[in-house]
>>> print(open('upload_39.cif').read())   # mmCIF, C-alpha atoms and all ligand atoms
data_query
loop_
_atom_site.label_atom_id
_atom_site.label_comp_id
_atom_site.auth_asym_id
_atom_site.auth_seq_id
_atom_site.Cartn_x
_atom_site.Cartn_y
_atom_site.Cartn_z
CA MET A 18 134.95 106.07 79.54
CA VAL A 19 138.25 106.70 81.29
CA ARG A 20 139.35 110.21 80.40
CA PHE A 21 142.92 111.37 80.12
CA THR A 22 143.39 115.11 80.20
CA ALA A 23 146.15 117.28 78.74
CA ASP A 24 147.73 117.65 82.19
CA HIS A 25 147.90 113.83 82.41
CA LYS A 26 145.13 113.44 84.91
CA VAL A 27 142.99 110.34 84.67
CA TYR A 28 139.27 110.43 85.43
CA ILE A 29 137.40 107.22 86.12
CA LYS A 30 133.64 107.09 86.60
CA ILE A 31 132.17 104.61 89.06
CA LEU A 32 128.41 104.29 89.38
CA TYR A 33 126.33 102.83 92.20
CA TRP A 34 123.11 101.38 90.82
CA GLY A 35 120.19 99.65 92.52
CA MET A 36 116.61 99.91 93.69
CA GLY A 37 115.44 102.97 95.60
CA GLY A 38 116.17 102.68 99.31
CA GLY A 39 118.79 99.97 98.92
CA GLY A 40 121.53 102.06 100.50
CA LYS A 41 123.49 103.69 97.65
CA THR A 42 123.60 107.16 99.17
CA THR A 43 124.52 105.68 102.55
CA VAL A 44 127.35 103.70 100.92
CA VAL A 45 128.84 106.83 99.37
CA ASP A 46 128.41 108.77 102.63
CA THR A 47 130.24 106.05 104.51
CA LEU A 48 132.95 105.80 101.86
CA TYR A 49 133.41 109.54 102.09
CA ARG A 50 133.63 109.63 105.88
CA LEU A 51 135.83 106.59 106.05
CA THR A 52 138.37 107.84 103.52
CA LYS A 53 138.38 111.30 105.06
CA GLU A 54 139.05 110.02 108.56
CA GLN A 55 141.44 107.19 107.81
CA LYS A 56 144.41 106.82 105.50
CA LYS A 57 143.21 104.75 102.56
CA ASP A 58 144.07 104.39 98.87
CA ILE A 59 141.59 107.14 98.02
CA GLU A 60 140.67 110.40 99.71
CA PRO A 61 137.74 112.70 99.00
CA THR A 62 138.41 115.99 97.28
CA GLY A 63 135.75 118.53 98.18
CA ASN A 64 132.31 117.67 99.47
CA LEU A 65 129.65 115.29 98.32
CA THR A 66 127.01 116.76 96.04
CA LYS A 67 123.64 115.46 97.11
CA ILE A 68 120.29 116.44 95.71
CA ALA A 69 117.58 114.94 97.87
CA MET A 70 113.84 115.19 98.30
CA ALA A 71 112.37 116.17 101.65
CA SER A 72 111.99 112.45 102.39
CA GLY A 73 115.77 112.06 102.11
CA SER A 74 115.69 109.90 99.01
CA THR A 75 117.91 110.92 96.13
CA LEU A 76 116.23 113.26 93.67
CA TYR A 77 118.70 113.33 90.80
CA PHE A 78 121.98 111.79 91.86
CA ASP A 79 124.78 112.06 94.38
CA ARG A 80 128.32 112.74 93.31
CA GLY A 81 131.67 112.65 95.02
CA ILE A 82 135.19 112.99 93.72
CA PHE A 83 137.95 110.92 95.23
CA GLN A 84 141.64 111.08 94.47
CA SER A 85 144.00 108.14 94.56
CA THR A 86 146.53 108.63 97.34
CA LYS A 87 149.07 106.37 95.62
CA GLN A 88 148.74 107.73 92.11
CA ARG A 89 147.86 111.37 92.53
CA LYS A 90 146.86 111.82 88.90
CA VAL A 91 144.00 109.35 89.21
CA PHE A 92 140.55 110.66 90.18
CA TYR A 93 137.33 108.77 90.66
CA HIS A 94 134.00 110.38 89.92
CA VAL A 95 131.53 108.46 92.01
CA TYR A 96 127.80 108.68 91.26
CA THR A 97 124.66 107.13 92.64
CA VAL A 98 121.40 107.09 90.73
CA ALA A 99 117.92 107.82 92.03
CA GLY A 100 116.39 104.36 92.32
CA GLN A 101 112.65 105.03 91.98
CA SER A 102 111.23 103.74 88.71
CA ARG A 103 110.03 107.14 87.50
CA PHE A 104 113.64 108.30 87.24
CA SER A 105 114.53 105.75 84.58
CA PRO A 106 115.35 108.30 81.80
CA LEU A 107 117.58 110.20 84.18
CA ARG A 108 119.45 107.05 85.12
CA LYS A 109 120.27 106.46 81.47
CA LYS A 110 121.86 109.89 81.30
CA ILE A 111 123.85 109.41 84.47
CA PHE A 112 125.08 106.06 83.21
CA LYS A 113 126.81 107.66 80.22
CA GLY A 114 130.57 107.26 80.36
CA THR A 115 130.53 104.86 83.31
CA ASP A 116 133.66 102.75 83.70
CA GLY A 117 132.62 100.50 86.56
CA VAL A 118 129.33 99.58 88.23
CA ILE A 119 128.63 98.61 91.81
CA PHE A 120 125.16 97.15 92.07
CA VAL A 121 123.63 97.67 95.50
CA VAL A 122 121.06 95.06 96.51
CA ASP A 123 118.56 95.64 99.30
CA SER A 124 118.99 92.20 100.82
CA GLN A 125 115.65 92.13 102.62
CA THR A 126 113.81 89.13 101.20
CA HIS A 127 110.61 91.04 100.46
CA PHE A 128 112.53 93.21 97.99
CA PHE A 129 113.69 90.24 95.94
CA GLU A 130 111.71 91.19 92.83
CA ASP A 131 112.56 94.91 93.03
CA ASN A 132 116.25 94.06 92.96
CA ILE A 133 115.78 91.89 89.87
CA GLU A 134 113.91 94.71 88.17
CA ALA A 135 116.77 97.14 88.91
CA LEU A 136 119.30 94.64 87.57
CA LYS A 137 117.30 94.13 84.38
CA GLU A 138 117.13 97.85 83.81
CA LEU A 139 120.88 98.15 84.34
CA LYS A 140 121.43 95.37 81.83
CA SER A 141 119.35 97.09 79.21
CA VAL A 142 120.97 100.47 79.79
CA THR A 143 124.45 98.96 79.48
CA ALA A 144 123.58 97.19 76.23
CA ASP A 145 125.16 93.94 77.41
CA LYS A 146 128.52 95.54 78.12
CA LEU A 147 128.47 94.52 81.78
CA ILE A 148 131.49 92.41 82.79
CA LYS A 149 132.79 92.26 79.19
CA GLU A 150 133.51 95.98 79.03
CA ILE A 151 132.31 97.38 82.33
CA PRO A 152 133.35 95.62 85.54
CA LEU A 153 130.50 94.70 87.84
CA ILE A 154 130.67 94.37 91.62
CA LEU A 155 127.77 93.35 93.84
CA MET A 156 126.93 94.57 97.32
CA LEU A 157 124.31 92.53 99.14
CA ASN A 158 123.58 95.40 101.45
CA LYS A 159 121.73 95.59 104.78
CA GLN A 160 123.16 92.27 105.90
CA ASP A 161 122.85 93.51 109.49
CA LEU A 162 119.10 92.93 109.25
CA THR A 163 117.30 89.61 109.63
CA GLU A 164 115.44 87.87 106.77
CA VAL A 165 118.04 88.67 104.17
CA ILE A 166 118.96 86.94 100.93
CA GLY A 167 122.33 85.22 100.67
CA GLU A 168 125.08 84.97 98.14
CA GLU A 169 123.75 81.83 96.45
CA ASP A 170 120.31 83.40 95.94
CA PHE A 171 121.83 86.31 94.12
CA LYS A 172 124.27 84.19 92.16
CA GLN A 173 121.26 82.40 90.71
CA ILE A 174 119.78 85.71 89.61
CA LEU A 175 123.06 86.61 87.92
CA LYS A 176 123.03 83.25 86.14
CA ASP A 177 119.46 83.78 84.97
CA GLU A 178 120.46 87.21 83.64
CA LYS A 179 123.56 85.80 81.90
CA LEU A 180 125.82 87.83 84.14
CA TRP A 181 127.70 84.82 85.43
CA PHE A 182 130.30 82.82 83.52
CA GLU A 183 131.23 79.18 84.02
CA PRO A 184 134.85 78.12 84.72
CA ASP A 185 135.50 77.19 81.08
CA ASP A 186 134.52 80.66 79.87
CA LYS A 187 137.20 83.27 79.17
CA TYR A 188 135.24 85.80 81.23
CA TYR A 189 135.12 83.54 84.28
CA ILE A 190 137.82 85.49 86.13
CA TRP A 191 135.70 88.63 85.82
CA ASN A 192 132.58 87.22 87.45
CA PRO A 193 131.22 89.84 89.84
CA ILE A 194 132.43 89.52 93.40
CA ILE A 195 129.49 89.41 95.76
CA TYR A 196 130.13 91.27 99.02
CA LYS A 197 127.77 90.98 101.96
CA THR A 198 127.75 94.53 103.20
CA CYS A 199 126.40 96.97 105.71
CA ALA A 200 126.51 100.62 104.68
CA LEU A 201 125.70 102.17 108.08
CA TYR A 202 128.85 103.90 109.27
CA ASP A 203 128.93 102.39 112.75
CA LEU A 204 128.28 98.86 111.53
CA ARG A 205 130.05 99.23 108.21
CA LYS A 206 131.21 96.14 106.41
CA ASP A 207 133.03 95.90 103.08
CA VAL A 208 132.02 99.36 101.89
CA TYR A 209 135.60 100.35 101.14
CA ARG A 210 136.56 96.89 99.92
CA SER A 211 133.82 96.71 97.31
CA PHE A 212 134.75 100.15 95.99
CA SER A 213 138.43 99.23 95.89
CA GLU A 214 137.77 96.07 93.93
CA CYS A 215 135.65 97.91 91.40
CA ALA A 216 138.33 100.60 91.03
CA ARG A 217 141.04 97.97 90.67
CA ARG A 218 139.14 96.11 87.97
CA THR A 219 138.39 99.31 86.12
CA GLY A 220 142.11 100.04 86.05
CA LEU A 221 142.94 96.55 84.80
CA TYR A 222 140.33 96.76 82.02
CA GLN A 223 141.89 100.01 80.93
CA ILE A 224 145.54 99.08 81.16
CA TYR A 225 145.46 95.48 79.97
CA GLY A 226 142.26 95.27 77.97
CA ASN A 227 142.10 98.60 76.23
CA GLY A 228 138.82 99.34 77.97
CA LYS A 229 137.55 95.75 77.86
CA ALA A 230 137.87 92.75 80.13
CA PRO A 231 141.43 91.50 79.64
CA VAL A 232 141.30 87.84 78.68
CA GLY A 233 143.67 85.11 77.54
CA ASP A 234 147.00 83.68 78.70
CA ASN A 235 148.96 86.89 78.45
CA PHE A 236 146.70 88.61 80.87
CA LEU A 237 146.90 85.84 83.44
CA LYS A 238 150.68 86.24 83.47
CA ILE A 239 150.56 90.00 83.78
CA SER A 240 147.74 90.17 86.30
CA LYS A 241 149.90 88.74 89.06
CA GLU A 242 151.94 91.89 89.07
CA SER A 243 149.12 94.29 88.39
CA PRO A 244 149.29 97.74 89.91
CA ASP A 245 147.01 98.89 92.68
CA LEU A 246 144.93 101.81 91.62
N1 LIG A 301 120.01 98.45 108.44
C1 LIG A 301 120.57 99.04 107.39
N2 LIG A 301 120.01 100.14 106.86
C2 LIG A 301 120.62 100.71 105.80
C3 LIG A 301 121.81 100.19 105.23
N3 LIG A 301 122.16 100.96 104.19
C4 LIG A 301 121.22 101.94 104.11
N4 LIG A 301 120.29 101.79 105.08
C5 LIG A 301 119.11 102.64 105.31
O1 LIG A 301 118.22 102.48 104.21
C6 LIG A 301 117.56 103.72 103.92
C7 LIG A 301 117.76 104.11 102.47
O2 LIG A 301 119.12 104.35 102.23
P1 LIG A 301 119.65 105.27 101.05
O3 LIG A 301 121.14 105.30 101.16
O4 LIG A 301 118.94 106.56 101.02
O5 LIG A 301 119.22 104.39 99.77
P2 LIG A 301 119.34 104.76 98.22
O6 LIG A 301 117.97 105.11 97.76
O7 LIG A 301 119.81 103.49 97.56
O8 LIG A 301 120.32 105.88 98.06
C8 LIG A 301 118.13 104.74 104.90
O9 LIG A 301 117.25 104.86 105.99
C9 LIG A 301 119.45 104.11 105.35
O10 LIG A 301 119.84 104.50 106.63
C10 LIG A 301 122.39 99.01 105.82
O11 LIG A 301 123.41 98.45 105.40
N5 LIG A 301 121.71 98.48 106.90
MG MG A 302 120.05 107.73 97.18
#
>>> encode(input="upload_39.cif", output="structure tokens")
Amino acid sequence: MVRFTADHKVYIKILYWGMGGGGKTTVVDTLYRLTKEQKKDIEPTGNLTKIAMASGSTLYFDRGIFQSTKQRKVFYHVYTVAGQSRFSPLRKKIFKGTDGVIFVVDSQTHFFEDNIEALKELKSVTADKLIKEIPLILMLNKQDLTEVIGEEDFKQILKDEKLWFEPDDKYYIWNPIIYKTCALYDLRKDVYRSFSECARRTGLYQIYGNGKAPVGDNFLKISKESPDL
């Protein structure tokens, strides 16, 4: 839920979701480093909060706050969830108030089923609000490795899960964009872009859809001159 405060600040919550080990924490680390070192549309404010087990995997969640460099009143609260199945109740709590979701897929083919399980859980937690009320962006992560699934494979999963709309559907324009990514800093690919697109869509849902996916002819006219958030 986008929050507007008395001093006119705007807080937007973006959540990275996906199976344990898929790369969520690495994505946020890279996003942080990237936007700290280079001039981008967002910059980190403060440090990342990370609560990890000795193994390095996320224990509760990671959190970072980024500020829009174009619209200084806009802040993004960025969270990742702990992916292991035993943390399911915790994930539900962290999901509360989320405005946009970036689903991180571990593209290695042997994790195919684990990714589907994570997507199904996300669907149930969001009570079918994905895309219609909460923008969804996909990262097919670890594309630097061999034996990885491709865009078409995952599109089929989205279709099976009713998270993909056909061209004659009013939600068609909000179909998730599927980015083939690498989260490792040195090899990074589309880490910033996928965040940006999720942030942009979240802004559009808020401004033109009153918190829902803007649909219909009016929106198509307006969207051409939509602001960058
Ligand atoms: N090759 C490769 N490894 C990655 C990539 N993203 C993350 N990893 C590695 O995958 C492991 C798990 O990543 P982590 O960010 O902790 O996953 P999380 O559980 O989703 O937060 C770590 O060893 C990362 O370095 C990627 O794009 N390519
Ligand atoms: Mg993690």
>>> atom_distance(input="upload_39.cif", atom1="atom CA of A:Gly114", atom2="atom CA of A:His94")
10.6 Å
>>> residues_near_ligand(input="upload_39.cif", ligand="ligand LIG 301 (chain A)", cutoff="7 Å", atoms="all atoms listed in the file", output="ChimeraX atom specification")
/A:35-44,73-75,99-100,158-162,198-201
>>> write_last_selection(input="upload_39.cif", atoms="C-alpha atoms", output="mmCIF file, in the coordinates of the input")
data_model
loop_
_atom_site.group_PDB
_atom_site.id
_atom_site.type_symbol
_atom_site.label_atom_id
_atom_site.label_comp_id
_atom_site.auth_asym_id
_atom_site.auth_seq_id
_atom_site.Cartn_x
_atom_site.Cartn_y
_atom_site.Cartn_z
ATOM 1 C CA GLY A 35 120.190 99.650 92.520
ATOM 2 C CA MET A 36 116.610 99.910 93.690
ATOM 3 C CA GLY A 37 115.440 102.970 95.600
ATOM 4 C CA GLY A 38 116.170 102.680 99.310
ATOM 5 C CA GLY A 39 118.790 99.970 98.920
ATOM 6 C CA GLY A 40 121.530 102.060 100.500
ATOM 7 C CA LYS A 41 123.490 103.690 97.650
ATOM 8 C CA THR A 42 123.600 107.160 99.170
ATOM 9 C CA THR A 43 124.520 105.680 102.550
ATOM 10 C CA VAL A 44 127.350 103.700 100.920
ATOM 11 C CA GLY A 73 115.770 112.060 102.110
ATOM 12 C CA SER A 74 115.690 109.900 99.010
ATOM 13 C CA THR A 75 117.910 110.920 96.130
ATOM 14 C CA ALA A 99 117.920 107.820 92.030
ATOM 15 C CA GLY A 100 116.390 104.360 92.320
ATOM 16 C CA ASN A 158 123.580 95.400 101.450
ATOM 17 C CA LYS A 159 121.730 95.590 104.780
ATOM 18 C CA GLN A 160 123.160 92.270 105.900
ATOM 19 C CA ASP A 161 122.850 93.510 109.490
ATOM 20 C CA LEU A 162 119.100 92.930 109.250
ATOM 21 C CA THR A 198 127.750 94.530 103.200
ATOM 22 C CA CYS A 199 126.400 96.970 105.710
ATOM 23 C CA ALA A 200 126.510 100.620 104.680
ATOM 24 C CA LEU A 201 125.700 102.170 108.080
#
>>> atom_distance(input="upload_39.cif", atom1="atom CA of A:Asn192", atom2="atom CA of A:Glu214")
12.1 Å
>>> closest_residue(input="upload_39.cif", among="A:Thr115, A:Ser141, A:Gln55, A:Gln223", to="A:Val98", atoms="all atoms listed in the file")
A:Thr115
>>> atom_distance(input="upload_39.cif", atom1="atom CA of A:Ile111", atom2="atom CA of A:Leu32")
8.4 Å
>>> closest_residue(input="upload_39.cif", among="A:Ile59, A:Ile224, A:Met70, A:Val19", to="ligand MG 302 (chain A)", atoms="only C-alpha atoms and all ligand atoms")
A:Met70
>>> residues_near_point(input="upload_39.cif", point="(128.6, 92.8, 79.9)", cutoff="10 Å", atoms="only C-alpha atoms", output="mmCIF file with C-alpha atoms, in the coordinates of the input")
data_model
loop_
_atom_site.group_PDB
_atom_site.id
_atom_site.type_symbol
_atom_site.label_atom_id
_atom_site.label_comp_id
_atom_site.auth_asym_id
_atom_site.auth_seq_id
_atom_site.Cartn_x
_atom_site.Cartn_y
_atom_site.Cartn_z
ATOM 1 C CA LYS A 140 121.430 95.370 81.830
ATOM 2 C CA THR A 143 124.450 98.960 79.480
ATOM 3 C CA ALA A 144 123.580 97.190 76.230
ATOM 4 C CA ASP A 145 125.160 93.940 77.410
ATOM 5 C CA LYS A 146 128.520 95.540 78.120
ATOM 6 C CA LEU A 147 128.470 94.520 81.780
ATOM 7 C CA ILE A 148 131.490 92.410 82.790
ATOM 8 C CA LYS A 149 132.790 92.260 79.190
ATOM 9 C CA GLU A 150 133.510 95.980 79.030
ATOM 10 C CA ILE A 151 132.310 97.380 82.330
ATOM 11 C CA PRO A 152 133.350 95.620 85.540
ATOM 12 C CA LEU A 153 130.500 94.700 87.840
ATOM 13 C CA LYS A 179 123.560 85.800 81.900
ATOM 14 C CA LEU A 180 125.820 87.830 84.140
ATOM 15 C CA TRP A 181 127.700 84.820 85.430
ATOM 16 C CA TYR A 188 135.240 85.800 81.230
ATOM 17 C CA LYS A 229 137.550 95.750 77.860
ATOM 18 C CA ALA A 230 137.870 92.750 80.130
#
>>> closest_residue(input="upload_39.cif", among="A:Ile68, A:Ala23, A:Leu51, A:Met18", to="ligand MG 302 (chain A)", atoms="all atoms listed in the file")
A:Ile68
>>> residues_near_point(input="upload_39.cif", point="(135.9, 103.0, 90.9)", cutoff="8 Å", atoms="only C-alpha atoms", output="list of chain:residue names")
A:Ile29, A:Lys30, A:Ile31, A:Leu32, A:Tyr93, A:His94, A:Val95, A:Asp116, A:Gly117, A:Val118, A:Phe212, A:Ser213, A:Glu214, A:Cys215, A:Ala216, A:Arg217, A:Thr219
>>> write_last_selection(input="upload_39.cif", atoms="C-alpha atoms", output="PDB file, in the frame of the given file")
ATOM      1  CA  ILE A  29     137.400 107.220  86.120  1.00  0.00           C
ATOM      2  CA  LYS A  30     133.640 107.090  86.600  1.00  0.00           C
ATOM      3  CA  ILE A  31     132.170 104.610  89.060  1.00  0.00           C
ATOM      4  CA  LEU A  32     128.410 104.290  89.380  1.00  0.00           C
ATOM      5  CA  TYR A  93     137.330 108.770  90.660  1.00  0.00           C
ATOM      6  CA  HIS A  94     134.000 110.380  89.920  1.00  0.00           C
ATOM      7  CA  VAL A  95     131.530 108.460  92.010  1.00  0.00           C
ATOM      8  CA  ASP A 116     133.660 102.750  83.700  1.00  0.00           C
ATOM      9  CA  GLY A 117     132.620 100.500  86.560  1.00  0.00           C
ATOM     10  CA  VAL A 118     129.330  99.580  88.230  1.00  0.00           C
ATOM     11  CA  PHE A 212     134.750 100.150  95.990  1.00  0.00           C
ATOM     12  CA  SER A 213     138.430  99.230  95.890  1.00  0.00           C
ATOM     13  CA  GLU A 214     137.770  96.070  93.930  1.00  0.00           C
ATOM     14  CA  CYS A 215     135.650  97.910  91.400  1.00  0.00           C
ATOM     15  CA  ALA A 216     138.330 100.600  91.030  1.00  0.00           C
ATOM     16  CA  ARG A 217     141.040  97.970  90.670  1.00  0.00           C
ATOM     17  CA  THR A 219     138.390  99.310  86.120  1.00  0.00           C
TER      18      THR A 219
END
>>> closest_residue(input="upload_39.cif", among="A:Phe104, A:Arg20, A:Lys56, A:Arg89", to="ligand MG 302 (chain A)", atoms="only C-alpha atoms and all ligand atoms")
A:Phe104
>>> closest_residue(input="upload_39.cif", among="A:Asp24, A:Gly81, A:Tyr96, A:Pro61", to="ligand MG 302 (chain A)", atoms="only C-alpha atoms and all ligand atoms")
A:Tyr96
>>> closest_residue(input="upload_39.cif", among="A:His127, A:Arg50, A:Lys113, A:Arg210", to="A:Met156", atoms="all atoms listed in the file")
A:Arg210
>>> decode(input="upload_39.cif", residues="stretch 161-180 of chain A", atoms="N, CA and C atoms", output="JSON list (two decimals), in the first residue's frame")
[["chain", "number", "residue", "atom", "x", "y", "z"],
["A", 161, "ASP", "N", 23.79, -16.60, -16.49],
["A", 161, "ASP", "CA", 25.21, -16.79, -16.84],
["A", 161, "ASP", "C", 25.59, -18.27, -16.78],
["A", 162, "LEU", "N", 24.76, -19.08, -16.14],
["A", 162, "LEU", "CA", 25.09, -20.50, -16.02],
["A", 162, "LEU", "C", 24.59, -21.27, -17.25],
["A", 163, "THR", "N", 25.04, -22.52, -17.37],
["A", 163, "THR", "CA", 24.53, -23.34, -18.47],
["A", 163, "THR", "C", 23.33, -24.14, -17.96],
["A", 164, "GLU", "N", 22.61, -24.79, -18.84],
["A", 164, "GLU", "CA", 21.43, -25.58, -18.44],
["A", 164, "GLU", "C", 20.41, -24.71, -17.72],
["A", 165, "VAL", "N", 19.99, -23.65, -18.39],
["A", 165, "VAL", "CA", 19.01, -22.77, -17.75],
["A", 165, "VAL", "C", 17.70, -22.75, -18.54],
["A", 166, "ILE", "N", 16.62, -22.45, -17.84],
["A", 166, "ILE", "CA", 15.33, -22.37, -18.52],
["A", 166, "ILE", "C", 15.23, -21.03, -19.22],
["A", 167, "GLY", "N", 14.41, -21.01, -20.28],
["A", 167, "GLY", "CA", 14.27, -19.80, -21.09],
["A", 167, "GLY", "C", 12.92, -19.14, -20.85],
["A", 168, "GLU", "N", 12.75, -18.03, -21.58],
["A", 168, "GLU", "CA", 11.58, -17.21, -21.40],
["A", 168, "GLU", "C", 10.28, -17.98, -21.71],
["A", 169, "GLU", "N", 10.30, -18.75, -22.78],
["A", 169, "GLU", "CA", 9.09, -19.47, -23.18],
["A", 169, "GLU", "C", 8.68, -20.50, -22.12],
["A", 170, "ASP", "N", 9.69, -21.15, -21.52],
["A", 170, "ASP", "CA", 9.38, -22.14, -20.47],
["A", 170, "ASP", "C", 8.63, -21.47, -19.33],
["A", 171, "PHE", "N", 9.11, -20.28, -18.96],
["A", 171, "PHE", "CA", 8.47, -19.65, -17.81],
["A", 171, "PHE", "C", 7.14, -19.02, -18.18],
["A", 172, "LYS", "N", 7.03, -18.57, -19.42],
["A", 172, "LYS", "CA", 5.75, -18.01, -19.86],
["A", 172, "LYS", "C", 4.66, -19.08, -19.74],
["A", 173, "GLN", "N", 5.01, -20.30, -20.06],
["A", 173, "GLN", "CA", 4.04, -21.40, -19.95],
["A", 173, "GLN", "C", 3.59, -21.60, -18.50],
["A", 174, "ILE", "N", 4.54, -21.48, -17.58],
["A", 174, "ILE", "CA", 4.19, -21.61, -16.17],
["A", 174, "ILE", "C", 3.21, -20.49, -15.78],
["A", 175, "LEU", "N", 3.50, -19.29, -16.24],
["A", 175, "LEU", "CA", 2.61, -18.16, -15.93],
["A", 175, "LEU", "C", 1.21, -18.41, -16.49],
["A", 176, "LYS", "N", 1.17, -18.97, -17.70],
["A", 176, "LYS", "CA", -0.14, -19.28, -18.30],
["A", 176, "LYS", "C", -0.87, -20.32, -17.46],
["A", 177, "ASP", "N", -0.16, -21.35, -17.06],
["A", 177, "ASP", "CA", -0.78, -22.40, -16.24],
["A", 177, "ASP", "C", -1.31, -21.83, -14.93],
["A", 178, "GLU", "N", -0.62, -20.84, -14.40],
["A", 178, "GLU", "CA", -1.02, -20.24, -13.12],
["A", 178, "GLU", "C", -1.98, -19.06, -13.30],
["A", 179, "LYS", "N", -2.44, -18.86, -14.52],
["A", 179, "LYS", "CA", -3.36, -17.75, -14.83],
["A", 179, "LYS", "C", -2.74, -16.38, -14.49],
["A", 180, "LEU", "N", -1.46, -16.28, -14.75],
["A", 180, "LEU", "CA", -0.77, -15.01, -14.54],
["A", 180, "LEU", "C", -0.30, -14.44, -15.88]]
